$ cat upload-v2.cif   # mmCIF, C-alpha atoms
data_final
#
loop_
_atom_site.group_PDB
_atom_site.id
_atom_site.type_symbol
_atom_site.label_atom_id
_atom_site.label_comp_id
_atom_site.auth_asym_id
_atom_site.auth_seq_id
_atom_site.Cartn_x
_atom_site.Cartn_y
_atom_site.Cartn_z
ATOM 1 C CA MET A 1 112.664 31.125 90.627
ATOM 2 C CA THR A 2 110.490 28.274 91.863
ATOM 3 C CA THR A 3 110.243 26.910 88.318
ATOM 4 C CA PRO A 4 113.413 27.549 86.302
ATOM 5 C CA ILE A 5 112.961 28.984 82.826
ATOM 6 C CA THR A 6 116.591 29.266 81.748
ATOM 7 C CA TRP A 7 119.415 26.777 82.256
ATOM 8 C CA LEU A 8 122.828 27.884 80.958
ATOM 9 C CA TYR A 9 125.589 25.434 80.088
ATOM 10 C CA VAL A 10 129.177 26.532 80.679
ATOM 11 C CA PRO A 11 132.159 24.313 79.755
ATOM 12 C CA GLY A 12 133.939 22.901 82.777
ATOM 13 C CA ASP A 13 137.343 23.567 81.218
ATOM 14 C CA ARG A 14 136.608 27.306 81.053
ATOM 15 C CA PRO A 15 136.595 28.417 84.711
ATOM 16 C CA ASP A 16 137.058 32.005 83.511
ATOM 17 C CA ARG A 17 133.440 31.830 82.334
ATOM 18 C CA PHE A 18 131.869 30.513 85.551
ATOM 19 C CA GLU A 19 131.255 33.910 87.143
ATOM 20 C CA ARG A 20 130.035 35.350 83.867
ATOM 21 C CA ALA A 21 127.526 32.519 83.606
ATOM 22 C CA ALA A 22 126.340 33.204 87.152
ATOM 23 C CA ALA A 23 125.763 36.850 86.219
ATOM 24 C CA SER A 24 123.979 36.030 82.929
ATOM 25 C CA GLY A 25 120.465 36.037 84.365
ATOM 26 C CA ALA A 26 120.059 32.275 84.020
ATOM 27 C CA ASP A 27 117.993 30.587 86.712
ATOM 28 C CA VAL A 28 120.356 27.595 86.781
ATOM 29 C CA VAL A 29 123.989 27.333 85.666
ATOM 30 C CA ILE A 30 125.111 23.891 84.483
ATOM 31 C CA ILE A 31 128.850 23.266 84.538
ATOM 32 C CA ASP A 32 129.356 20.758 81.733
ATOM 33 C CA LEU A 33 131.922 18.001 82.088
ATOM 34 C CA GLU A 34 130.581 15.990 79.148
ATOM 35 C CA ASP A 35 129.971 17.087 75.543
ATOM 36 C CA ALA A 36 131.468 20.579 75.795
ATOM 37 C CA VAL A 37 134.848 19.328 77.049
ATOM 38 C CA ASP A 38 137.592 17.592 75.061
ATOM 39 C CA VAL A 39 138.612 14.257 76.540
ATOM 40 C CA SER A 40 142.128 15.550 77.246
ATOM 41 C CA ARG A 41 140.720 18.221 79.577
ATOM 42 C CA LYS A 42 137.954 16.331 81.355
ATOM 43 C CA ASP A 43 139.862 15.655 84.577
ATOM 44 C CA GLN A 44 140.833 19.320 84.836
ATOM 45 C CA ALA A 45 137.239 20.336 84.125
ATOM 46 C CA ARG A 46 136.090 18.196 87.044
ATOM 47 C CA ASP A 47 138.654 19.805 89.348
ATOM 48 C CA ASN A 48 137.574 23.257 88.167
ATOM 49 C CA ALA A 49 133.939 22.504 88.975
ATOM 50 C CA VAL A 50 134.735 21.150 92.438
ATOM 51 C CA ALA A 51 136.877 24.187 93.277
ATOM 52 C CA HIS A 52 134.234 26.609 92.036
ATOM 53 C CA LEU A 53 131.379 24.943 93.906
ATOM 54 C CA ALA A 54 133.384 24.767 97.116
ATOM 55 C CA GLY A 55 133.586 28.567 97.063
ATOM 56 C CA THR A 56 130.108 29.348 95.712
ATOM 57 C CA ARG A 57 128.184 31.918 97.726
ATOM 58 C CA GLY A 58 124.768 33.075 96.537
ATOM 59 C CA GLY A 59 123.683 33.508 92.923
ATOM 60 C CA PRO A 60 121.752 31.021 90.807
ATOM 61 C CA GLU A 61 121.687 27.309 91.506
ATOM 62 C CA VAL A 62 124.678 25.459 90.079
ATOM 63 C CA HIS A 63 124.301 21.967 88.647
ATOM 64 C CA VAL A 64 126.913 19.743 87.034
ATOM 65 C CA ARG A 65 126.458 17.551 83.975
ATOM 66 C CA ILE A 66 128.769 14.617 84.540
ATOM 67 C CA ASN A 67 129.984 12.070 82.023
ATOM 68 C CA ASP A 68 128.102 8.855 81.298
ATOM 69 C CA LEU A 69 127.696 6.818 84.500
ATOM 70 C CA ALA A 70 128.338 3.681 82.456
ATOM 71 C CA THR A 71 131.978 4.802 82.217
ATOM 72 C CA GLN A 72 134.706 4.967 84.829
ATOM 73 C CA ARG A 73 135.050 8.702 84.239
ATOM 74 C CA GLY A 74 131.353 9.283 84.892
ATOM 75 C CA ARG A 75 131.499 7.394 88.185
ATOM 76 C CA ALA A 76 134.625 9.324 89.169
ATOM 77 C CA ASP A 77 132.821 12.570 88.356
ATOM 78 C CA LEU A 78 129.948 11.677 90.651
ATOM 79 C CA ALA A 79 132.234 10.602 93.497
ATOM 80 C CA ALA A 80 134.146 13.890 93.290
ATOM 81 C CA PHE A 81 131.022 15.834 94.281
ATOM 82 C CA ALA A 82 129.935 13.608 97.163
ATOM 83 C CA ASP A 83 130.790 16.209 99.817
ATOM 84 C CA VAL A 84 130.683 19.445 97.772
ATOM 85 C CA ALA A 85 128.160 21.658 99.520
ATOM 86 C CA GLY A 86 127.598 24.127 96.674
ATOM 87 C CA LEU A 87 126.172 21.531 94.285
ATOM 88 C CA ALA A 88 122.392 21.895 93.830
ATOM 89 C CA GLY A 89 121.765 19.127 91.290
ATOM 90 C CA VAL A 90 123.346 16.564 88.985
ATOM 91 C CA ARG A 91 122.479 16.271 85.309
ATOM 92 C CA LEU A 92 122.980 12.697 84.135
ATOM 93 C CA PRO A 93 123.498 11.967 80.423
ATOM 94 C CA LYS A 94 122.436 8.820 78.589
ATOM 95 C CA VAL A 95 120.212 7.385 81.326
ATOM 96 C CA GLU A 96 118.476 4.255 80.044
ATOM 97 C CA SER A 97 117.040 2.610 83.146
ATOM 98 C CA PRO A 98 115.889 3.641 86.629
ATOM 99 C CA THR A 99 118.599 1.391 88.044
ATOM 100 C CA ASP A 100 121.176 3.774 86.542
ATOM 101 C CA LEU A 101 120.165 6.226 89.271
ATOM 102 C CA ASP A 102 120.737 3.848 92.164
ATOM 103 C CA VAL A 103 124.435 4.760 92.252
ATOM 104 C CA LEU A 104 123.431 8.170 93.626
ATOM 105 C CA ASP A 105 122.340 6.436 96.839
ATOM 106 C CA GLU A 106 125.797 4.893 97.143
ATOM 107 C CA VAL A 107 127.557 8.230 96.594
ATOM 108 C CA PHE A 108 125.296 10.685 98.405
ATOM 109 C CA GLY A 109 123.667 8.437 101.007
ATOM 110 C CA ASP A 110 120.966 10.350 102.870
ATOM 111 C CA ARG A 111 121.907 13.660 101.255
ATOM 112 C CA ALA A 112 119.087 14.992 99.093
ATOM 113 C CA MET A 113 120.805 15.409 95.735
ATOM 114 C CA PRO A 114 118.328 16.122 92.901
ATOM 115 C CA ALA A 115 119.027 14.179 89.714
ATOM 116 C CA PHE A 116 118.052 15.325 86.231
ATOM 117 C CA PRO A 117 118.309 12.360 83.845
ATOM 118 C CA LEU A 118 118.693 13.015 80.128
ATOM 119 C CA LEU A 119 116.915 10.520 77.861
ATOM 120 C CA GLU A 120 119.110 10.241 74.787
ATOM 121 C CA SER A 121 118.345 6.790 73.375
ATOM 122 C CA ALA A 122 115.394 4.659 72.353
ATOM 123 C CA ARG A 123 115.850 2.529 75.472
ATOM 124 C CA GLY A 124 115.891 5.576 77.715
ATOM 125 C CA LEU A 125 112.749 6.904 76.085
ATOM 126 C CA ALA A 126 111.013 3.534 76.419
ATOM 127 C CA ASN A 127 111.755 3.618 80.164
ATOM 128 C CA ALA A 128 110.811 7.285 80.599
ATOM 129 C CA HIS A 129 107.978 6.624 83.068
ATOM 130 C CA ALA A 130 110.107 4.406 85.309
ATOM 131 C CA ILE A 131 113.052 6.830 85.205
ATOM 132 C CA ALA A 132 110.780 9.760 86.017
ATOM 133 C CA ALA A 133 109.323 7.858 88.975
ATOM 134 C CA HIS A 134 112.714 7.110 90.593
ATOM 135 C CA PRO A 135 112.978 8.765 94.045
ATOM 136 C CA ARG A 136 116.136 10.646 93.056
ATOM 137 C CA THR A 137 114.642 12.131 89.892
ATOM 138 C CA ALA A 138 113.792 15.832 90.170
ATOM 139 C CA GLY A 139 113.228 16.393 86.451
ATOM 140 C CA ILE A 140 113.764 14.780 83.060
ATOM 141 C CA ALA A 141 114.646 16.080 79.605
ATOM 142 C CA LEU A 142 115.474 14.810 76.145
ATOM 143 C CA GLY A 143 118.891 14.639 74.544
ATOM 144 C CA GLU A 144 117.461 15.479 71.159
ATOM 145 C CA GLN A 145 120.557 15.368 68.949
ATOM 146 C CA ASP A 146 121.434 11.860 70.123
ATOM 147 C CA LEU A 147 117.870 10.704 69.461
ATOM 148 C CA LEU A 148 117.843 12.257 65.992
ATOM 149 C CA ALA A 149 120.992 10.332 65.157
ATOM 150 C CA GLU A 150 119.946 6.999 66.671
ATOM 151 C CA LEU A 151 116.431 6.933 65.255
ATOM 152 C CA SER A 152 117.258 8.508 61.872
ATOM 153 C CA ILE A 153 114.351 10.913 62.183
ATOM 154 C CA ASP A 154 114.028 14.571 61.307
ATOM 155 C CA GLU A 155 113.221 17.512 63.546
ATOM 156 C CA ALA A 156 109.458 17.342 62.928
ATOM 157 C CA ALA A 157 109.249 13.828 64.374
ATOM 158 C CA LEU A 158 110.691 15.056 67.677
ATOM 159 C CA ASP A 159 107.328 16.493 68.699
ATOM 160 C CA GLN A 160 105.964 13.002 69.361
ATOM 161 C CA LEU A 161 108.960 12.163 71.542
ATOM 162 C CA ARG A 162 108.654 15.461 73.398
ATOM 163 C CA LEU A 163 105.021 14.717 74.222
ATOM 164 C CA GLN A 164 105.996 11.295 75.583
ATOM 165 C CA VAL A 165 108.423 12.902 78.006
ATOM 166 C CA VAL A 166 105.936 15.605 79.013
ATOM 167 C CA VAL A 167 103.418 12.870 79.897
ATOM 168 C CA ALA A 168 106.020 10.829 81.802
ATOM 169 C CA ALA A 169 107.072 13.843 83.868
ATOM 170 C CA ALA A 170 103.486 14.818 84.657
ATOM 171 C CA ALA A 171 102.544 11.258 85.608
ATOM 172 C CA ALA A 172 105.460 11.150 88.061
ATOM 173 C CA GLY A 173 104.518 14.508 89.582
ATOM 174 C CA LEU A 174 107.684 16.211 88.337
ATOM 175 C CA GLY A 175 108.066 19.796 87.216
ATOM 176 C CA PRO A 176 107.731 20.731 83.546
ATOM 177 C CA VAL A 177 110.209 19.417 80.991
ATOM 178 C CA PRO A 178 112.686 22.021 79.658
ATOM 179 C CA MET A 179 113.646 22.090 76.001
ATOM 180 C CA SER A 180 117.044 21.064 74.679
ATOM 181 C CA VAL A 181 119.542 23.646 73.473
ATOM 182 C CA TYR A 182 119.057 25.619 70.263
ATOM 183 C CA ALA A 183 122.437 25.335 68.586
ATOM 184 C CA ASN A 184 122.403 28.432 66.350
ATOM 185 C CA VAL A 185 123.190 31.286 68.723
ATOM 186 C CA ARG A 186 122.699 33.914 65.975
ATOM 187 C CA ASP A 187 119.220 32.780 64.902
ATOM 188 C CA GLU A 188 117.085 34.750 67.326
ATOM 189 C CA ALA A 189 113.861 34.385 65.342
ATOM 190 C CA GLY A 190 114.377 30.648 65.045
ATOM 191 C CA LEU A 191 114.996 30.322 68.773
ATOM 192 C CA LEU A 192 111.807 32.233 69.615
ATOM 193 C CA ASP A 193 109.723 30.185 67.174
ATOM 194 C CA SER A 194 111.171 26.939 68.492
ATOM 195 C CA CYS A 195 110.470 27.917 72.109
ATOM 196 C CA ARG A 196 106.887 28.849 71.319
ATOM 197 C CA ARG A 197 106.339 25.540 69.566
ATOM 198 C CA GLY A 198 107.769 23.690 72.562
ATOM 199 C CA ARG A 199 105.528 25.665 74.869
ATOM 200 C CA SER A 200 102.494 24.524 72.857
ATOM 201 C CA LEU A 201 103.573 20.922 73.496
ATOM 202 C CA GLY A 202 103.735 21.394 77.260
ATOM 203 C CA LEU A 203 107.477 21.976 77.491
ATOM 204 C CA PHE A 204 108.599 24.834 79.690
ATOM 205 C CA GLY A 205 111.929 26.625 79.816
ATOM 206 C CA ARG A 206 115.080 25.773 77.933
ATOM 207 C CA THR A 207 118.771 25.048 78.264
ATOM 208 C CA ALA A 208 121.058 27.562 76.560
ATOM 209 C CA ILE A 209 124.641 27.486 75.308
ATOM 210 C CA HIS A 210 125.228 31.250 75.249
ATOM 211 C CA PRO A 211 124.184 34.067 77.607
ATOM 212 C CA SER A 212 122.641 35.992 74.681
ATOM 213 C CA GLN A 213 119.922 33.331 74.478
ATOM 214 C CA ILE A 214 118.741 33.880 78.057
ATOM 215 C CA PRO A 215 116.490 36.933 77.533
ATOM 216 C CA LEU A 216 115.007 35.430 74.369
ATOM 217 C CA ILE A 217 114.065 32.210 76.147
ATOM 218 C CA ARG A 218 112.490 34.148 79.006
ATOM 219 C CA LYS A 219 110.536 36.241 76.507
ATOM 220 C CA ALA A 220 109.228 33.151 74.704
ATOM 221 C CA PHE A 221 107.949 31.452 77.858
ATOM 222 C CA ARG A 222 106.611 34.543 79.611
ATOM 223 C CA PRO A 223 102.795 34.806 79.408
ATOM 224 C CA THR A 224 101.762 37.576 77.047
ATOM 225 C CA GLU A 225 99.646 40.499 78.209
ATOM 226 C CA ALA A 226 96.704 39.022 76.283
ATOM 227 C CA GLU A 227 97.140 35.647 78.027
ATOM 228 C CA ILE A 228 97.343 37.332 81.417
ATOM 229 C CA SER A 229 94.227 39.391 80.684
ATOM 230 C CA ARG A 230 92.249 36.331 79.581
ATOM 231 C CA ALA A 231 93.396 34.369 82.613
ATOM 232 C CA ARG A 232 92.416 37.199 84.938
ATOM 233 C CA ASP A 233 88.936 37.359 83.346
ATOM 234 C CA VAL A 234 88.470 33.624 83.886
ATOM 235 C CA VAL A 235 89.619 33.652 87.511
ATOM 236 C CA GLU A 236 87.545 36.684 88.419
ATOM 237 C CA ALA A 237 84.431 35.295 86.734
ATOM 238 C CA ALA A 238 84.908 31.949 88.437
ATOM 239 C CA ALA A 239 85.223 33.654 91.818
ATOM 240 C CA ARG A 240 81.990 35.546 91.256
ATOM 241 C CA ALA A 241 80.184 32.373 90.177
ATOM 242 C CA GLU A 242 81.887 30.199 92.805
ATOM 243 C CA VAL A 243 83.245 27.806 90.193
ATOM 244 C CA ASP A 244 85.890 25.915 92.101
ATOM 245 C CA GLY A 245 86.076 22.175 91.527
ATOM 246 C CA VAL A 246 82.475 21.820 90.326
ATOM 247 C CA GLY A 247 80.129 23.673 88.040
ATOM 248 C CA ALA A 248 80.696 25.812 84.965
ATOM 249 C CA LEU A 249 79.770 29.159 83.433
ATOM 250 C CA VAL A 250 79.839 31.019 80.146
ATOM 251 C CA LEU A 251 81.726 34.328 79.972
ATOM 252 C CA PRO A 252 80.137 37.337 78.236
ATOM 253 C CA ASP A 253 82.306 36.715 75.141
ATOM 254 C CA GLY A 254 80.958 33.169 74.825
ATOM 255 C CA ARG A 255 83.872 31.253 76.378
ATOM 256 C CA PHE A 256 82.829 28.202 78.377
ATOM 257 C CA VAL A 257 84.653 27.947 81.704
ATOM 258 C CA ASP A 258 84.852 24.992 84.038
ATOM 259 C CA ALA A 259 87.222 23.919 86.809
ATOM 260 C CA PRO A 260 90.155 22.726 84.598
ATOM 261 C CA ILE A 261 90.096 25.993 82.661
ATOM 262 C CA VAL A 262 90.071 27.939 85.916
ATOM 263 C CA ALA A 263 93.038 25.907 87.183
ATOM 264 C CA LYS A 264 94.986 26.628 83.978
ATOM 265 C CA ALA A 265 94.199 30.349 84.265
ATOM 266 C CA ARG A 266 95.471 30.392 87.826
ATOM 267 C CA ARG A 267 98.732 28.783 86.694
ATOM 268 C CA VAL A 268 99.181 31.507 84.062
ATOM 269 C CA LEU A 269 98.687 34.235 86.661
ATOM 270 C CA ALA A 270 101.006 32.511 89.126
ATOM 271 C CA LEU A 271 103.715 32.227 86.472
ATOM 272 C CA ALA A 272 103.319 35.879 85.479
ATOM 273 C CA GLU A 273 103.637 36.921 89.113
ATOM 274 C CA GLU A 274 106.647 34.719 89.662
ATOM 275 C CA ILE A 275 108.444 36.137 86.629
ATOM 276 C CA SER A 276 107.616 39.710 87.640
ATOM 277 C CA GLN A 277 109.252 39.088 91.028
ATOM 278 C CA HIS A 278 112.359 37.566 89.416
ATOM 279 C CA PRO A 279 112.791 39.526 86.174
ATOM 280 C CA ARG A 280 116.568 38.919 85.830
#
$ encode --input "upload-v2.cif" --output "C-alpha cells"
Amino acid sequence: MTTPITWLYVPGDRPDRFERAAASGADVVIIDLEDAVDVSRKDQARDNAVAHLAGTRGGPEVHVRINDLATQRGRADLAAFADVAGLAGVRLPKVESPTDLDVLDEVFGDRAMPAFPLLESARGLANAHAIAAHPRTAGIALGEQDLLAELSIDEAALDQLRLQVVVAAAAAGLGPVPMSVYANVRDEAGLLDSCRRGRSLGLFGRTAIHPSQIPLIRKAFRPTEAEISRARDVVEAAARAEVDGVGALVLPDGRFVDAPIVAKARRVLALAEEISQHPR
C-alpha cells in the first residue's frame, strides 16, 4: 500500500505473535516497546524486536514504537536499531518539540529513517506544525488517551484536536493522519462508527491492537460503491468539459463541479484502485 490504512501493534515481549501480526493483513506492523510492555520485560522486548527485524524478509513494513526519548531507556531503544536493516520506521511517543527529533540524526546519520511522532501532551499539540515540518517526520498522530487525561476533556472534545493535527500534517505536506486505537476489541459497531467519524474529519486509517480489527478498519475507510460512482461521474464529466484547473460545470443532477471537486473525485478513484490491488 502506498498509503497505509491499517497499523497493527504487537507487544515486543510476545515474539510468538510477530509472525501472526505479519500475516494479519495489516499494512504496517508496529512492534511496541512502550505501553504494551511491563517495565520488567522492556529490555527483553527490545532484544526480541532487534532479532526479529534482523531476519525479516518480505511482508508488511515493520516499525518500532520505542520508549520516551526523554528517558535513558528510550535513547537505548533508538541506539539498538541504528544498524538494523529490517526497520522501516520509528514511532516516537510523547514528542513535544521538533528538537526531540534531532537525536535521530545522531543515531542514524545519513540513513533515511522515517519518524512518526505521537503528540500526547498540550505542549506537543501546540508545537504540531513545527514537529510535522521536521525533516525526519514522515507522519504524525495523536496519543488520545494521554491528552484526555492531561486536559480533562471528554471524547467529544477530541474532534477539535484531531482537526488541528490534520491541518498540521497537510501544511507540512505529510500523508494523512491515522486514528488512534479503539480499545474495545469486541465492539465492532463502535469501531466502524468511530472510523467513519474520523474519516469525516480528514483522518485516514487507524492503528489496531488486535488482528480482528483489521478488516473492519479497512471496510470503514474504503470508498463505498456510491462514492466511487459519484467520483467517476465527476471525473468523466470534467474530462468531457475540459475542467482541469480552471472553469466549472453543472452535472445533469444539479451538482456544481469545479477543479477542487474534480481533484477530490480523482483521489477517491485512486484510493479505490489502490485498495482493489492490495485487498489483504
$ closest_atom_pairs --input "upload-v2.cif" --of "segment 123-167 of chain A" --to "segment 14-36 of chain A" --cutoff "12 Å" --atoms "all atoms listed in the file" --output "JSON lines"
{"residue": "A:Gly143", "atom": "CA", "partner": "A:Asp35", "partner_atom": "CA", "distance": 11.4}
{"residue": "A:Gln145", "atom": "CA", "partner": "A:Asp35", "partner_atom": "CA", "distance": 11.6}
{"residue": "A:Asp146", "atom": "CA", "partner": "A:Asp35", "partner_atom": "CA", "distance": 11.4}
$ closest_residue --input "upload-v2.cif" --among "A:Val235, A:Asp154, A:Val167, A:Val181" --to "Ala208 of chain A" --atoms "only C-alpha atoms"
A:Val181
$ closest_residue --input "upload-v2.cif" --among "A:Val90, A:Val257, A:Ala128, A:Ala265" --to "Met113 of chain A" --atoms "all atoms listed in the file"
A:Val90
$ residues_around --input "upload-v2.cif" --residues "segment 221-233 of chain A" --least-positions-apart "4" --cutoff "12 Å" --atoms "only C-alpha atoms" --output "PyMOL selection string"
chain A and resi 3-6+178-179+191-200+202-206+214-217+237-240+250-253+255+257+261-276+278-279
$ resolve_selection --input "upload-v2.cif" --expression "the PyMOL selection byres ((chain A and resi 136) around 12)" --output "PyMOL selection string"
chain A and resi 89-92+98-106+108-117+130-135+137-140+172+174
$ residues_around --input "upload-v2.cif" --residues "Arg186 of chain A" --least-positions-apart "4" --cutoff "10 Å" --atoms "all atoms listed in the file" --output "list in words"
Gly190, Leu191, His210, Ser212 and Gln213 of chain A
$ atom_distance --input "upload-v2.cif" --atom1 "atom CA of Ala170 of chain A" --atom2 "atom CA of Leu119 of chain A"
15.7 Å
$ atom_distance --input "upload-v2.cif" --atom1 "atom CA of Ala79 of chain A" --atom2 "atom CA of Val107 of chain A"
6.1 Å
$ residues_around --input "upload-v2.cif" --residues "Gly55 of chain A" --least-positions-apart "3" --cutoff "12 Å" --atoms "all atoms listed in the file" --output "list in words"
Phe18, Glu19, Asn48, Ala49, Val50, Ala51, His52, Gly58, Gly59, Val62, Val84, Ala85, Gly86 and Leu87 of chain A
$ atom_distance --input "upload-v2.cif" --atom1 "atom CA of Val177 of chain A" --atom2 "atom CA of Leu148 of chain A"
18.3 Å
$ closest_residue --input "upload-v2.cif" --among "A:Gln160, A:Ala189, A:Arg123, A:Asp13" --to "Ser40 of chain A" --atoms "all atoms listed in the file"
A:Asp13
$ residues_around --input "upload-v2.cif" --residues "Asp68 of chain A" --least-positions-apart "6" --cutoff "9 Å" --atoms "all atoms listed in the file" --output "NGL selection string"
:A and (34 or 74-75 or 92-95)
$ closest_residue --input "upload-v2.cif" --among "A:Ala259, A:Ala82, A:Ala156, A:Ala169" --to "Leu142 of chain A" --atoms "all atoms listed in the file"
A:Ala169
$ axis_aligned_box --input "upload-v2.cif" --around "segment 216-220 of chain A" --padding-each-side "6 Å" --output "lines of an AutoDock Vina configuration file"
center_x = 112.1
center_y = 34.2
center_z = 76.7
size_x = 17.8
size_y = 16.0
size_z = 16.6
